[in-house]
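Peer 1: Below is the file target_25.cif, with mmCIF, N, CA, C and O atoms and all ligand atoms.
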data_upload
loop_
_atom_site.label_atom_id
_atom_site.label_comp_id
_atom_site.auth_asym_id
_atom_site.auth_seq_id
_atom_site.Cartn_x
_atom_site.Cartn_y
_atom_site.Cartn_z
N MET A 1 -88.80 -27.72 -12.21
CA MET A 1 -89.89 -28.54 -12.79
C MET A 1 -89.70 -28.63 -14.31
O MET A 1 -89.49 -27.63 -14.97
N ASN A 2 -89.80 -29.82 -14.80
CA ASN A 2 -89.60 -30.03 -16.23
C ASN A 2 -90.94 -30.20 -16.94
O ASN A 2 -91.65 -31.19 -16.78
N LEU A 3 -91.29 -29.20 -17.72
CA LEU A 3 -92.60 -29.22 -18.39
C LEU A 3 -92.73 -30.36 -19.39
O LEU A 3 -93.78 -30.98 -19.51
N LYS A 4 -91.64 -30.60 -20.12
CA LYS A 4 -91.68 -31.67 -21.13
C LYS A 4 -91.99 -33.01 -20.47
O LYS A 4 -92.77 -33.80 -20.98
N LYS A 5 -91.35 -33.21 -19.31
CA LYS A 5 -91.56 -34.47 -18.60
C LYS A 5 -93.00 -34.55 -18.09
O LYS A 5 -93.64 -35.60 -18.15
N GLN A 6 -93.49 -33.41 -17.62
CA GLN A 6 -94.87 -33.36 -17.14
C GLN A 6 -95.86 -33.73 -18.25
O GLN A 6 -96.82 -34.46 -18.03
N ILE A 7 -95.59 -33.23 -19.45
CA ILE A 7 -96.45 -33.53 -20.59
C ILE A 7 -96.40 -35.02 -20.90
O ILE A 7 -97.43 -35.65 -21.12
N GLU A 8 -95.18 -35.58 -20.86
CA GLU A 8 -95.03 -37.02 -21.11
C GLU A 8 -95.83 -37.84 -20.10
O GLU A 8 -96.52 -38.80 -20.46
N GLU A 9 -95.72 -37.44 -18.82
CA GLU A 9 -96.44 -38.16 -17.77
C GLU A 9 -97.94 -38.08 -17.99
O GLU A 9 -98.66 -39.06 -17.83
N LEU A 10 -98.41 -36.90 -18.36
CA LEU A 10 -99.84 -36.72 -18.60
C LEU A 10 -100.32 -37.60 -19.75
O LEU A 10 -101.38 -38.21 -19.69
N LYS A 11 -99.52 -37.65 -20.80
CA LYS A 11 -99.88 -38.47 -21.96
C LYS A 11 -100.01 -39.92 -21.57
O LYS A 11 -100.91 -40.63 -22.04
N LYS A 12 -99.13 -40.35 -20.66
CA LYS A 12 -99.17 -41.74 -20.21
C LYS A 12 -100.42 -42.03 -19.38
O LYS A 12 -100.94 -43.14 -19.41
N SER A 13 -100.87 -41.02 -18.62
CA SER A 13 -102.02 -41.25 -17.75
C SER A 13 -103.35 -41.07 -18.50
O SER A 13 -104.41 -41.29 -17.94
N ASP A 14 -103.28 -40.69 -19.75
CA ASP A 14 -104.49 -40.58 -20.56
C ASP A 14 -105.09 -41.97 -20.79
O ASP A 14 -104.42 -42.86 -21.30
N PRO A 15 -106.36 -42.16 -20.40
CA PRO A 15 -106.97 -43.49 -20.60
C PRO A 15 -106.95 -43.92 -22.06
O PRO A 15 -106.92 -45.12 -22.37
N PHE A 16 -106.99 -42.97 -22.97
CA PHE A 16 -106.97 -43.30 -24.40
C PHE A 16 -105.62 -43.84 -24.84
O PHE A 16 -105.49 -44.41 -25.92
N ALA A 17 -104.61 -43.63 -23.99
CA ALA A 17 -103.27 -44.13 -24.33
C ALA A 17 -103.18 -45.64 -24.13
O ALA A 17 -102.28 -46.29 -24.63
N ASP A 18 -104.14 -46.17 -23.40
CA ASP A 18 -104.18 -47.62 -23.17
C ASP A 18 -104.55 -48.32 -24.49
O ASP A 18 -105.61 -48.08 -25.05
N PRO A 19 -103.66 -49.17 -24.98
CA PRO A 19 -103.94 -49.81 -26.29
C PRO A 19 -105.21 -50.67 -26.25
O PRO A 19 -105.82 -50.91 -27.30
N ASP A 20 -105.59 -51.14 -25.08
CA ASP A 20 -106.79 -51.98 -24.97
C ASP A 20 -108.07 -51.15 -24.91
O ASP A 20 -109.16 -51.70 -24.90
N HIS A 21 -107.89 -49.85 -24.86
CA HIS A 21 -109.03 -48.98 -24.62
C HIS A 21 -110.21 -49.26 -25.55
O HIS A 21 -111.33 -49.45 -25.11
N ALA A 22 -109.95 -49.31 -26.85
CA ALA A 22 -111.04 -49.42 -27.82
C ALA A 22 -111.65 -50.81 -27.83
O ALA A 22 -112.79 -50.98 -28.24
N THR A 23 -110.91 -51.80 -27.39
CA THR A 23 -111.37 -53.17 -27.53
C THR A 23 -111.75 -53.82 -26.21
O THR A 23 -112.05 -55.01 -26.17
N ASP A 24 -111.74 -53.04 -25.13
CA ASP A 24 -111.95 -53.69 -23.83
C ASP A 24 -113.43 -53.92 -23.49
O ASP A 24 -113.75 -54.47 -22.45
N ASN A 25 -114.32 -53.48 -24.39
CA ASN A 25 -115.75 -53.67 -24.17
C ASN A 25 -116.20 -53.21 -22.79
O ASN A 25 -117.01 -53.85 -22.14
N ALA A 26 -115.66 -52.09 -22.39
CA ALA A 26 -115.98 -51.58 -21.05
C ALA A 26 -117.43 -51.12 -20.99
O ALA A 26 -118.05 -50.83 -22.01
N ALA A 27 -117.94 -51.11 -19.77
CA ALA A 27 -119.30 -50.61 -19.58
C ALA A 27 -119.38 -49.14 -19.98
O ALA A 27 -118.35 -48.45 -20.01
N VAL A 28 -120.59 -48.68 -20.25
CA VAL A 28 -120.76 -47.31 -20.74
C VAL A 28 -120.21 -46.29 -19.74
O VAL A 28 -119.55 -45.33 -20.13
N ASP A 29 -120.46 -46.55 -18.45
CA ASP A 29 -119.98 -45.56 -17.46
C ASP A 29 -118.46 -45.49 -17.43
O ASP A 29 -117.89 -44.43 -17.20
N THR A 30 -117.80 -46.59 -17.71
CA THR A 30 -116.34 -46.58 -17.78
C THR A 30 -115.90 -45.76 -18.99
O THR A 30 -114.97 -44.95 -18.91
N ASP A 31 -116.60 -45.95 -20.10
CA ASP A 31 -116.26 -45.17 -21.29
C ASP A 31 -116.42 -43.68 -21.04
O ASP A 31 -115.61 -42.88 -21.49
N VAL A 32 -117.48 -43.32 -20.34
CA VAL A 32 -117.72 -41.91 -20.04
C VAL A 32 -116.60 -41.36 -19.17
O VAL A 32 -116.07 -40.29 -19.43
N ARG A 33 -116.23 -42.16 -18.16
CA ARG A 33 -115.16 -41.72 -17.26
C ARG A 33 -113.85 -41.56 -18.04
O ARG A 33 -113.11 -40.62 -17.83
N GLU A 34 -113.61 -42.47 -18.93
CA GLU A 34 -112.38 -42.39 -19.73
C GLU A 34 -112.41 -41.16 -20.63
O GLU A 34 -111.40 -40.49 -20.80
N GLN A 35 -113.57 -40.87 -21.18
CA GLN A 35 -113.70 -39.71 -22.05
C GLN A 35 -113.42 -38.42 -21.27
O GLN A 35 -112.67 -37.56 -21.73
N VAL A 36 -114.00 -38.34 -20.07
CA VAL A 36 -113.80 -37.15 -19.23
C VAL A 36 -112.33 -37.03 -18.84
O VAL A 36 -111.74 -35.96 -18.93
N GLY A 37 -111.74 -38.16 -18.45
CA GLY A 37 -110.33 -38.17 -18.09
C GLY A 37 -109.47 -37.73 -19.26
O GLY A 37 -108.57 -36.91 -19.11
N HIS A 38 -109.80 -38.24 -20.42
CA HIS A 38 -109.06 -37.91 -21.63
C HIS A 38 -109.14 -36.41 -21.94
O HIS A 38 -108.15 -35.77 -22.21
N ASP A 39 -110.37 -35.86 -21.86
CA ASP A 39 -110.56 -34.44 -22.15
C ASP A 39 -109.80 -33.55 -21.17
O ASP A 39 -109.18 -32.57 -21.56
N THR A 40 -109.84 -33.94 -19.88
CA THR A 40 -109.14 -33.16 -18.86
C THR A 40 -107.64 -33.18 -19.12
O THR A 40 -106.98 -32.14 -19.10
N ILE A 41 -107.13 -34.36 -19.39
CA ILE A 41 -105.69 -34.50 -19.63
C ILE A 41 -105.28 -33.74 -20.89
O ILE A 41 -104.28 -33.05 -20.92
N GLU A 42 -106.12 -33.82 -21.91
CA GLU A 42 -105.79 -33.12 -23.15
C GLU A 42 -105.72 -31.61 -22.92
O GLU A 42 -104.84 -30.94 -23.45
N ALA A 43 -106.67 -31.10 -22.13
CA ALA A 43 -106.68 -29.66 -21.82
C ALA A 43 -105.42 -29.28 -21.04
O ALA A 43 -104.81 -28.25 -21.31
N GLU A 44 -105.04 -30.14 -20.10
CA GLU A 44 -103.84 -29.87 -19.31
C GLU A 44 -102.59 -29.89 -20.19
O GLU A 44 -101.70 -29.06 -20.04
N ILE A 45 -102.54 -30.87 -21.09
CA ILE A 45 -101.38 -30.97 -21.98
C ILE A 45 -101.30 -29.73 -22.85
O ILE A 45 -100.23 -29.15 -23.03
N LYS A 46 -102.42 -29.28 -23.39
CA LYS A 46 -102.42 -28.09 -24.25
C LYS A 46 -101.91 -26.88 -23.47
O LYS A 46 -101.14 -26.09 -24.00
N ASP A 47 -102.36 -26.76 -22.22
CA ASP A 47 -101.95 -25.66 -21.37
C ASP A 47 -100.44 -25.69 -21.14
O ASP A 47 -99.76 -24.67 -21.26
N LEU A 48 -99.93 -26.88 -20.84
CA LEU A 48 -98.49 -27.03 -20.60
C LEU A 48 -97.70 -26.75 -21.87
O LEU A 48 -96.64 -26.13 -21.82
N GLN A 49 -98.22 -27.21 -23.00
CA GLN A 49 -97.50 -26.99 -24.26
C GLN A 49 -97.43 -25.51 -24.61
O GLN A 49 -96.43 -25.04 -25.12
N ARG A 50 -98.52 -24.79 -24.27
CA ARG A 50 -98.52 -23.35 -24.49
C ARG A 50 -97.45 -22.69 -23.63
O ARG A 50 -96.72 -21.82 -24.09
N ARG A 51 -97.38 -23.12 -22.36
CA ARG A 51 -96.38 -22.55 -21.45
C ARG A 51 -94.97 -22.87 -21.92
O ARG A 51 -94.08 -22.03 -21.89
N LEU A 52 -94.80 -24.10 -22.38
CA LEU A 52 -93.50 -24.54 -22.87
C LEU A 52 -93.08 -23.68 -24.07
O LEU A 52 -91.93 -23.25 -24.17
N GLN A 53 -94.03 -23.39 -24.94
CA GLN A 53 -93.76 -22.56 -26.11
C GLN A 53 -93.35 -21.15 -25.67
O GLN A 53 -92.38 -20.60 -26.19
N ASP A 54 -94.08 -20.60 -24.70
CA ASP A 54 -93.75 -19.27 -24.19
C ASP A 54 -92.35 -19.25 -23.59
O ASP A 54 -91.61 -18.28 -23.77
N ILE A 55 -92.01 -20.32 -22.87
CA ILE A 55 -90.69 -20.39 -22.26
C ILE A 55 -89.62 -20.47 -23.34
O ILE A 55 -88.59 -19.80 -23.27
N GLU A 56 -89.88 -21.26 -24.38
CA GLU A 56 -88.90 -21.37 -25.46
C GLU A 56 -88.70 -20.03 -26.16
O GLU A 56 -87.59 -19.66 -26.52
N ILE A 57 -89.79 -19.30 -26.31
CA ILE A 57 -89.70 -17.96 -26.91
C ILE A 57 -88.88 -17.05 -26.00
O ILE A 57 -88.02 -16.30 -26.47
N ALA A 58 -89.12 -17.17 -24.68
CA ALA A 58 -88.37 -16.36 -23.71
C ALA A 58 -86.88 -16.66 -23.80
O ALA A 58 -86.05 -15.75 -23.77
N VAL A 59 -86.55 -17.95 -23.94
CA VAL A 59 -85.14 -18.34 -24.04
C VAL A 59 -84.51 -17.73 -25.30
O VAL A 59 -83.40 -17.21 -25.27
N GLN A 60 -85.25 -17.77 -26.39
CA GLN A 60 -84.74 -17.16 -27.63
C GLN A 60 -84.52 -15.67 -27.46
O GLN A 60 -83.56 -15.11 -27.99
N LYS A 61 -85.43 -15.04 -26.73
CA LYS A 61 -85.30 -13.60 -26.49
C LYS A 61 -84.08 -13.30 -25.64
O LYS A 61 -83.39 -12.31 -25.86
N ILE A 62 -83.80 -14.16 -24.65
CA ILE A 62 -82.61 -13.97 -23.82
C ILE A 62 -81.38 -14.04 -24.73
O ILE A 62 -80.48 -13.20 -24.65
N ARG A 63 -81.37 -15.02 -25.63
CA ARG A 63 -80.22 -15.17 -26.54
C ARG A 63 -80.03 -13.93 -27.41
O ARG A 63 -78.91 -13.54 -27.73
N LYS A 64 -81.13 -13.33 -27.80
CA LYS A 64 -81.04 -12.14 -28.66
C LYS A 64 -80.88 -10.86 -27.85
O LYS A 64 -80.85 -9.78 -28.41
N GLY A 65 -80.86 -11.02 -26.53
CA GLY A 65 -80.73 -9.85 -25.66
C GLY A 65 -81.99 -9.03 -25.59
O GLY A 65 -81.96 -7.84 -25.30
N LYS A 66 -83.13 -9.65 -25.92
CA LYS A 66 -84.37 -8.90 -25.91
C LYS A 66 -85.32 -9.36 -24.81
O LYS A 66 -86.50 -9.01 -24.82
N TYR A 67 -84.79 -10.14 -23.90
CA TYR A 67 -85.65 -10.65 -22.84
C TYR A 67 -86.17 -9.52 -21.96
O TYR A 67 -85.44 -8.60 -21.64
N GLY A 68 -87.44 -9.64 -21.58
CA GLY A 68 -88.01 -8.64 -20.68
C GLY A 68 -88.61 -7.46 -21.42
O GLY A 68 -89.06 -6.50 -20.81
N MET A 69 -88.63 -7.54 -22.77
CA MET A 69 -89.25 -6.48 -23.54
C MET A 69 -90.58 -6.95 -24.10
O MET A 69 -90.70 -8.06 -24.62
N CYS A 70 -91.57 -6.10 -24.01
CA CYS A 70 -92.89 -6.43 -24.51
C CYS A 70 -92.83 -6.61 -26.03
O CYS A 70 -92.26 -5.79 -26.74
N GLU A 71 -93.41 -7.70 -26.53
CA GLU A 71 -93.35 -7.98 -27.97
C GLU A 71 -94.27 -7.06 -28.77
O GLU A 71 -94.17 -6.97 -29.98
N ARG A 72 -95.18 -6.44 -28.07
CA ARG A 72 -96.15 -5.62 -28.78
C ARG A 72 -95.71 -4.15 -28.82
O ARG A 72 -95.67 -3.55 -29.88
N CYS A 73 -95.39 -3.60 -27.65
CA CYS A 73 -95.06 -2.17 -27.62
C CYS A 73 -93.56 -1.92 -27.43
O CYS A 73 -93.11 -0.79 -27.57
N GLY A 74 -92.79 -2.98 -27.12
CA GLY A 74 -91.35 -2.83 -27.01
C GLY A 74 -90.87 -2.23 -25.70
O GLY A 74 -89.68 -2.05 -25.50
N LYS A 75 -91.81 -1.94 -24.81
CA LYS A 75 -91.42 -1.41 -23.51
C LYS A 75 -90.90 -2.53 -22.62
O LYS A 75 -91.19 -3.70 -22.84
N GLU A 76 -90.17 -2.13 -21.59
CA GLU A 76 -89.68 -3.13 -20.65
C GLU A 76 -90.83 -3.69 -19.82
O GLU A 76 -91.67 -2.94 -19.34
N ILE A 77 -90.83 -5.00 -19.67
CA ILE A 77 -91.83 -5.62 -18.80
C ILE A 77 -91.33 -5.46 -17.37
O ILE A 77 -90.18 -5.79 -17.08
N PRO A 78 -92.17 -4.93 -16.48
CA PRO A 78 -91.70 -4.70 -15.09
C PRO A 78 -91.21 -5.99 -14.43
O PRO A 78 -91.79 -7.06 -14.62
N LEU A 79 -90.15 -5.84 -13.67
CA LEU A 79 -89.53 -7.00 -13.03
C LEU A 79 -90.48 -7.81 -12.13
O LEU A 79 -90.45 -9.04 -12.18
N PRO A 80 -91.32 -7.15 -11.34
CA PRO A 80 -92.23 -7.97 -10.50
C PRO A 80 -93.09 -8.90 -11.34
O PRO A 80 -93.41 -10.03 -10.94
N ARG A 81 -93.48 -8.44 -12.54
CA ARG A 81 -94.28 -9.28 -13.43
C ARG A 81 -93.46 -10.46 -13.94
O ARG A 81 -93.93 -11.59 -13.99
N LEU A 82 -92.22 -10.21 -14.28
CA LEU A 82 -91.35 -11.29 -14.77
C LEU A 82 -91.05 -12.32 -13.68
O LEU A 82 -90.83 -13.48 -13.97
N LYS A 83 -91.07 -11.83 -12.44
CA LYS A 83 -90.82 -12.77 -11.35
C LYS A 83 -91.99 -13.74 -11.20
O LYS A 83 -91.79 -14.92 -10.91
N ILE A 84 -93.19 -13.23 -11.41
CA ILE A 84 -94.36 -14.10 -11.31
C ILE A 84 -94.48 -14.96 -12.56
O ILE A 84 -94.81 -16.13 -12.51
N LEU A 85 -94.21 -14.35 -13.70
CA LEU A 85 -94.42 -15.01 -14.99
C LEU A 85 -93.18 -14.82 -15.85
O LEU A 85 -93.14 -13.95 -16.72
N PRO A 86 -92.16 -15.64 -15.60
CA PRO A 86 -90.87 -15.42 -16.30
C PRO A 86 -91.00 -15.51 -17.83
O PRO A 86 -90.19 -14.93 -18.54
N GLU A 87 -92.02 -16.23 -18.30
CA GLU A 87 -92.15 -16.40 -19.74
C GLU A 87 -93.07 -15.35 -20.36
O GLU A 87 -93.48 -15.49 -21.51
N ALA A 88 -93.41 -14.31 -19.58
CA ALA A 88 -94.32 -13.28 -20.09
C ALA A 88 -93.79 -12.69 -21.40
O ALA A 88 -92.61 -12.40 -21.53
N ARG A 89 -94.68 -12.54 -22.37
CA ARG A 89 -94.27 -11.99 -23.66
C ARG A 89 -94.69 -10.54 -23.82
O ARG A 89 -94.18 -9.84 -24.70
N TYR A 90 -95.65 -10.13 -23.01
CA TYR A 90 -96.16 -8.77 -23.15
C TYR A 90 -96.22 -8.07 -21.80
O TYR A 90 -96.28 -8.71 -20.76
N CYS A 91 -96.23 -6.75 -21.83
CA CYS A 91 -96.43 -6.01 -20.59
C CYS A 91 -97.90 -6.14 -20.17
O CYS A 91 -98.72 -6.62 -20.95
N VAL A 92 -98.20 -5.72 -18.98
CA VAL A 92 -99.56 -5.91 -18.46
C VAL A 92 -100.60 -5.23 -19.37
O VAL A 92 -101.64 -5.80 -19.69
N ASP A 93 -100.29 -4.01 -19.79
CA ASP A 93 -101.22 -3.28 -20.65
C ASP A 93 -101.55 -4.03 -21.92
O ASP A 93 -102.71 -4.20 -22.28
N CYS A 94 -100.51 -4.48 -22.61
CA CYS A 94 -100.71 -5.17 -23.88
C CYS A 94 -101.42 -6.51 -23.66
O CYS A 94 -102.29 -6.88 -24.44
N GLU A 95 -101.04 -7.21 -22.62
CA GLU A 95 -101.66 -8.49 -22.32
C GLU A 95 -103.17 -8.32 -22.17
O GLU A 95 -103.96 -9.09 -22.71
N GLN A 96 -103.54 -7.27 -21.45
CA GLN A 96 -104.97 -7.03 -21.24
C GLN A 96 -105.66 -6.66 -22.55
O GLN A 96 -106.75 -7.11 -22.83
N LYS A 97 -105.00 -5.86 -23.36
CA LYS A 97 -105.59 -5.49 -24.65
C LYS A 97 -105.74 -6.69 -25.56
O LYS A 97 -106.72 -6.84 -26.28
N LEU A 98 -104.75 -7.57 -25.53
CA LEU A 98 -104.77 -8.73 -26.41
C LEU A 98 -105.83 -9.74 -25.98
O LEU A 98 -106.36 -10.47 -26.80
N ARG A 99 -106.09 -9.77 -24.68
CA ARG A 99 -107.07 -10.75 -24.20
C ARG A 99 -108.49 -10.34 -24.50
O ARG A 99 -109.38 -11.15 -24.51
N ARG A 100 -108.67 -9.04 -24.67
CA ARG A 100 -110.02 -8.57 -24.87
C ARG A 100 -110.58 -8.96 -26.21
O ARG A 100 -109.84 -9.15 -27.15
ZN ZN B 1 -96.66 -3.72 -24.11
#
Represent the structure of the file as structure tokens.
Peer 2:
Amino acid sequence: MNLKKQIEELKKSDPFADPDHATDNAAVDTDVREQVGHDTIEAEIKDLQRRLQDIEIAVQKIRKGKYGMCERCGKEIPLPRLKILPEARYCVDCEQKLRR
């Protein structure tokens, strides 16, 4: 799956990407629907961009031979975790501490 392509597709499906959007004199309910669609798509794009960034960081770590090491405590990230989340930057402990 190509995240960059997914982001591009999402951007295209954003109602705000329609050049006629501002001038189409759409009914209010259409505007509301477009706004909701736009917000949803924007949130999805942000989420994908975050993942893409994590993956790029993971790739850099592989190049430096530091892949699979927690960025916070330097311990090895357990393999089962990497299998679920290959772009993981922290071990489970640190991730939980950082989220709090
Ligand atoms: Zn850690």
Peer 1: Need to verify the contact set: His38 of chain A, 8 Å, all atoms listed in the file, exclusion of same-chain residues closer than 2 positions in sequence. Can you return it as a ChimeraX atom specification?
Peer 2: /A:10,13-17,31-36,40-45
Peer 1: Quick one: residues within 6 Å of ligand ZN 1 (chain B), with only C-alpha atoms and all ligand atoms, as a PyMOL selection string?
Peer 2: chain A and resi 70+72-73+75+90-91+93-94
Peer 1: Near Pro78 of chain A, within 9 Å and counting only C-alpha atoms, which residues show up once chain neighbours fewer than 5 positions away are dropped, as a ChimeraX atom specification?
Peer 2: /A:68-69,83,91-92
Peer 1: Go ahead and save the picked residues with N, CA, C and O atoms, as a short mmCIF file (atom, residue, chain, number, x, y, z; two decimals), keeping the file's coordinate frame.
Peer 2:
data_model
loop_
_atom_site.label_atom_id
_atom_site.label_comp_id
_atom_site.auth_asym_id
_atom_site.auth_seq_id
_atom_site.Cartn_x
_atom_site.Cartn_y
_atom_site.Cartn_z
N GLY A 68 -87.44 -9.64 -21.58
CA GLY A 68 -88.01 -8.64 -20.68
C GLY A 68 -88.61 -7.46 -21.42
O GLY A 68 -89.06 -6.50 -20.81
N MET A 69 -88.63 -7.54 -22.77
CA MET A 69 -89.25 -6.48 -23.54
C MET A 69 -90.58 -6.95 -24.10
O MET A 69 -90.70 -8.06 -24.62
N LYS A 83 -91.07 -11.83 -12.44
CA LYS A 83 -90.82 -12.77 -11.35
C LYS A 83 -91.99 -13.74 -11.20
O LYS A 83 -91.79 -14.92 -10.91
N CYS A 91 -96.23 -6.75 -21.83
CA CYS A 91 -96.43 -6.01 -20.59
C CYS A 91 -97.90 -6.14 -20.17
O CYS A 91 -98.72 -6.62 -20.95
N VAL A 92 -98.20 -5.72 -18.98
CA VAL A 92 -99.56 -5.91 -18.46
C VAL A 92 -100.60 -5.23 -19.37
O VAL A 92 -101.64 -5.80 -19.69
#
Peer 1: Quick one, how far is atom C of Leu85 of chain A from atom CA of Lys61 of chain A?
Peer 2: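 So the answer is 13.3 Å.
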Peer 1: Looking at A:Arg99, A:Glu8, A:Gly65, A:Asp54, which one is nearest to Pro86 of chain A, with distances taken over only N, CA, C and O atoms?
Peer 2: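 Looking at the shortest contact to Pro86 of chain A, the residue is A:Asp54.
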Peer 1: Taking into account all atoms listed in the file, which residue in the set A:Val59, A:Arg89, A:Lys11, A:Ile84 is nearest to Glu71 of chain A?
Peer 2: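 Using all atoms listed in the file, Glu71 of chain A sits closest to A:Arg89.
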Peer 1: Run DSSP on the backbone of this structure and report the residues of chain A it assigns to helix (DSSP H, G or I), as a VMD selection string.
Peer 2: chain A and resid 3 to 13 15 to 17 21 to 23 28 to 63 79 to 84 92 to 99
Peer 1: At what distance in Å, to one decimal, does atom O of Lys66 of chain A lie from atom O of Arg50 of chain A?
Peer 2: 16.4 Å
Peer 1: Find, counting only C-alpha atoms, the residue in A:Gln60, A:Pro19, A:Leu48, A:Gly37 that gets nearest to Lys5 of chain A.
Peer 2: A:Leu48
Peer 1: Kindly give the distance, in Å, that separates atom CA of Glu76 of chain A and atom CA of Ala88 of chain A, rounded to a single decimal.
Peer 2: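 Rounded to one decimal, the two atoms are 11.2 Å apart.
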